[in-house]
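Taking it in order: structure first as structure tokens, then the write-up.
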Protein chains: 2
Amino acid sequence: MSSNKKAAPVGVFDSGVGGLTVTREIMRQLPDENMVYFGDTARVPYGSKSKDNIIRYSRQIIRFLQTKNVKAIVIACNTASALALDVVKEETDIPIMGVIVPGAAAAVRATRNKKIGVIGTEATIRSQMYSKVMKEMLPGVEVIGKPCPLFVPIVEEGFAKHKIAEEVIDYYLASMKETDIDTMILGCTHYPLLRSRIMKYLGDGIQLVNPAYETAMELKKLLRKMDLLNEGQSSAEESGQVCANGSYEFYVSDTADKFKQFANSILPYDIRTTQRINIEEY
Amino acid sequence: MSSNKKAAPVGVFDSGVGGLTVTREIMRQLPDENMVYFGDTARVPYGSKSKDNIIRYSRQIIRFLQTKNVKAIVIACNTASALALDVVKEETDIPIMGVIVPGAAAAVRATRNKKIGVIGTEATIRSQMYSKVMKEMLPGVEVIGKPCPLFVPIVEEGFAKHKIAEEVIDYYLASMKETDIDTMILGCTHYPLLRSRIMKYLGDGIQLVNPAYETAMELKKLLRKMDLLNEGQSSAEESGQVCANGSYEFYVSDTADKFKQFANSILPYDIRTTQRINIEEY
């Protein structure tokens, strides 16, 4: 594989800012990869929308990312991974992966009693995609899903550290706490930003799985297998620091103010420019 | 004016379900009017989006409503009223009104000390449209705006009666309570559904203005003035009951499940059918 191809960026997309948690993990684990991120801020949220619209949106975004000559695409959105990945994978001639299979694989590795919880948007939970994937990986596994629609606005409006977040966590997860699951998947890219509070609420008996982390690991494997991995001199992963040596471009479909503010609160460096495109044209 | 023209429906639109509070008031105050409602559930929420997108969305919806031969249009969305009404009014050959002017007029009538609060989405407050309109109506008026972005998901996810709503109200309105405003506008169509709790929180000293109510009153005046009012035999307004004798059609741009559920919780009768259209084609 030519080094030119290796230097091509990885395309990452999400309905908005949530996928930046995946971007952060990719920066951490693959610090030399270049990235093109697209956040669909004009059509966010995806979690309450229909399958055919999510497929249409995903197709448009993949067409856009391909104009940037990406070598692979990560759907950094649980809802789009659940509803659109199977369809768009067939249509796309570069590697494309979602967050659900990596998250599901980590959960079935982690569970001891074969009882796993999944939290996510309404669309993700309704799709039962985590459940389907895990039942193929680990026959006999019991999966308990719970939609937590208020978690996304809680995070986006900056309430993650406010006591309101605690009450919303209690509201949604009290029933989950009463089950005997030993593992729970944070099945929405915003949820890792509530991770420490959810962990505190559920206690030590339940291990949390963050699909963002698992997805970055899987991406590394996939790129290596396809001889597409861009390896530099970094030792970021070993040191635990995020070096983020790659070159990164950020695109959005509507105003970028809030996007930038949010990105700068979770990425290891400040985004200076984002470009707005009309995604309906793709 | 021919009775045919009078019998034509009024078009009402909103980013989603919020405008149903305006629909409810129109049903109450103009029970014989027929209505075509469009809820842009594919592109909700508008409150965090840019002016040019809101104008584009509004133009598409107006084109759609005109295919239904509406005699007048009500923009039952504060954000679209603030950002798009001035532009689309010039382009449209039937009467078109928003919720801001009626809400502003009621607030300047109500205030005694010329100090008025406005709460709404980020886009509505940032536009300062309520402030501009009220300053023209009542020179010297002081307007204090406050965006309350979490109120919409709180209402849409069914938390209006939960204690979480109380805490969110306290979070956003504590600073408003400390001012000496005597009037406050509920500048987002979802907010009337939090009205009693906001009223309880702010106390008797602050009068709340519900633009939905004022808009229905203004619509009646406008239709009467233009000899377009469809008057039947109803005495609904007098009896205080909602008779809703008209014929009503509901259209959405994405899934209707949540829309119907929400509509049925606030309208005087259950919606049986909604039709989904592809608004991007208009």
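Note on naming: chains are A, B, ... as they come in the structure tokens, residues start from 1 per chain, ligands start from 1 in the order shown.
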Mind running chain A against chain B at 6 Å and telling me each contacting residue's nearest atom pair with the distance in Å (one decimal), counting only C-alpha atoms, chain and number ascending, as a tab-separated table?
residue	atom	partner	partner_atom	distance
A:Arg43	CA	B:Arg43	CA	5.4
A:Ser50	CA	B:Thr255	CA	5.8
A:Thr255	CA	B:Ser50	CA	5.8
Query - Surrounding residues of B:Phe13 excluding itself and chain neighbours under 4 positions, 7 Å, only C-alpha atoms, as a list in words - result: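 The contact residues come out as Gly19, Tyr37, Phe38, Gly39, Val74, Ile75 and Ala76 of chain B.
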Could you write out that same residue set with C-alpha atoms as a PDB file, in the first residue's frame?
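And here is the file that came out, result.pdb:
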ATOM      1  CA  GLY B  19     -47.108  24.659  17.769  1.00  0.00           C
ATOM      2  CA  TYR B  37     -50.922  21.603  10.623  1.00  0.00           C
ATOM      3  CA  PHE B  38     -47.358  20.812   9.632  1.00  0.00           C
ATOM      4  CA  GLY B  39     -44.800  19.689  12.249  1.00  0.00           C
ATOM      5  CA  VAL B  74     -49.710  31.046  11.262  1.00  0.00           C
ATOM      6  CA  ILE B  75     -46.052  30.458  12.088  1.00  0.00           C
ATOM      7  CA  ALA B  76     -46.668  28.770  15.425  1.00  0.00           C
TER       8      ALA B  76
END
Report task. Enumerate the residues of stretch 67-195 of chain B with a DSSP assignment of helix (DSSP H, G or I), computed from the backbone, and present them as JSON, numbers by chain. Result -> {"B": [78, 79, 80, 81, 82, 83, 85, 86, 87, 88, 89, 90, 91, 100, 101, 102, 103, 104, 105, 106, 107, 108, 109, 110, 122, 123, 124, 125, 126, 127, 129, 130, 131, 132, 133, 134, 135, 136, 137, 151, 152, 153, 154, 155, 156, 163, 164, 165, 166, 167, 168, 169, 170, 171, 172, 173, 174, 175, 176, 177, 191, 192, 193, 194, 195]}
Query raised in the report: Quick one: of A:Leu229, A:Leu208, A:Ala216, A:Val143, who's nearest to A:Gln128, counting only C-alpha atoms?
Result: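 That would be A:Val143, the residue with the smallest distance to A:Gln128.
Note that atom CA of B:Gly18 and atom CA of B:Asp270 are 16.5 Å apart.
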Query raised in the report: What residues in stretch 3-216 of chain B get the DSSP label strand (DSSP E or B)? Please answer as a ChimeraX atom specification.
Result: /B:10-14,35-39,72-75,96-97,115-120,142-147,183-186,207-209
For the residues selected in the previous step, produce a file with C-alpha atoms as a PDB file, in the first residue's frame.
ATOM      1  CA  VAL B  10     -55.720  27.972   8.059  1.00  0.00           C
ATOM      2  CA  GLY B  11     -52.180  26.629   7.719  1.00  0.00           C
ATOM      3  CA  VAL B  12     -50.230  26.326  10.964  1.00  0.00           C
ATOM      4  CA  PHE B  13     -46.640  25.186  11.264  1.00  0.00           C
ATOM      5  CA  ASP B  14     -43.983  24.563  13.820  1.00  0.00           C
ATOM      6  CA  MET B  35     -56.770  23.699   9.847  1.00  0.00           C
ATOM      7  CA  VAL B  36     -53.782  22.095   8.177  1.00  0.00           C
ATOM      8  CA  TYR B  37     -50.922  21.603  10.623  1.00  0.00           C
ATOM      9  CA  PHE B  38     -47.358  20.812   9.632  1.00  0.00           C
ATOM     10  CA  GLY B  39     -44.800  19.689  12.249  1.00  0.00           C
ATOM     11  CA  ALA B  72     -53.792  32.225   5.824  1.00  0.00           C
ATOM     12  CA  ILE B  73     -50.691  30.923   7.609  1.00  0.00           C
ATOM     13  CA  VAL B  74     -49.710  31.046  11.262  1.00  0.00           C
ATOM     14  CA  ILE B  75     -46.052  30.458  12.088  1.00  0.00           C
ATOM     15  CA  ILE B  96     -49.107  35.268   7.255  1.00  0.00           C
ATOM     16  CA  MET B  97     -48.534  35.965  10.918  1.00  0.00           C
ATOM     17  CA  LYS B 115     -39.851  45.839  32.740  1.00  0.00           C
ATOM     18  CA  ILE B 116     -40.520  42.657  30.799  1.00  0.00           C
ATOM     19  CA  GLY B 117     -38.789  39.281  30.790  1.00  0.00           C
ATOM     20  CA  VAL B 118     -38.657  36.951  27.789  1.00  0.00           C
ATOM     21  CA  ILE B 119     -37.700  33.294  27.881  1.00  0.00           C
ATOM     22  CA  GLY B 120     -37.214  31.197  24.737  1.00  0.00           C
ATOM     23  CA  GLU B 142     -36.626  47.342  29.444  1.00  0.00           C
ATOM     24  CA  VAL B 143     -36.439  43.765  28.217  1.00  0.00           C
ATOM     25  CA  ILE B 144     -34.504  40.970  29.910  1.00  0.00           C
ATOM     26  CA  GLY B 145     -34.069  37.822  27.814  1.00  0.00           C
ATOM     27  CA  LYS B 146     -33.039  34.368  28.990  1.00  0.00           C
ATOM     28  CA  PRO B 147     -32.600  31.268  26.841  1.00  0.00           C
ATOM     29  CA  THR B 183     -44.393  40.596  33.130  1.00  0.00           C
ATOM     30  CA  MET B 184     -42.733  37.642  31.412  1.00  0.00           C
ATOM     31  CA  ILE B 185     -43.354  36.214  27.955  1.00  0.00           C
ATOM     32  CA  LEU B 186     -43.337  32.427  27.489  1.00  0.00           C
ATOM     33  CA  GLN B 207     -47.696  38.123  35.061  1.00  0.00           C
ATOM     34  CA  LEU B 208     -47.074  35.464  32.415  1.00  0.00           C
ATOM     35  CA  VAL B 209     -47.945  36.117  28.778  1.00  0.00           C
TER      36      VAL B 209
END
Query raised in the report: Could you name the residues that touch stretch 217-219 of chain A at 9 Å or less, counting only C-alpha atoms, but leaving out those on the same chain fewer than 2 positions away, as a PyMOL selection string?
Result: chain A and resi 25-26+29-30+72+74+97+102+212-215+221-224
Requested in this report: Just the residues within 12 Å of A:Ile271, please, counting only C-alpha atoms, with nothing from its chain fewer than 3 positions along; format it as a ChimeraX atom specification.
Outcome: /A:20,37,247-251,256-268,274-275
Requested in this report: Could you give me, as JSON, numbers by chain, the residues within 10 Å of A:Leu228, counting only C-alpha atoms and dropping anything in the same chain fewer than 5 positions from it?
Outcome: {"A": [1, 2, 3, 4, 5, 6, 7, 8, 33, 71, 72, 220, 221, 222, 223]}
Query raised in the report: Smallest atom-to-atom distance to A:Leu193: which of A:Ile181, A:Thr124, A:Gly205, A:Asn210, using only C-alpha atoms?
Result: A:Asn210
Query - atom CA of B:Tyr130 to atom CA of B:Ala104, distance in Å rounded to a single decimal - result: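 Distance reported for this atom pair: 6.2 Å.
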Query raised in the report: Of the residues B:Gly47, B:Gly140, B:Gly187, B:Gly16, which is the one nearest to B:Gly98, using only C-alpha atoms?
Result: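 When distances to B:Gly98 are compared using only C-alpha atoms, the smallest one comes from B:Gly187.
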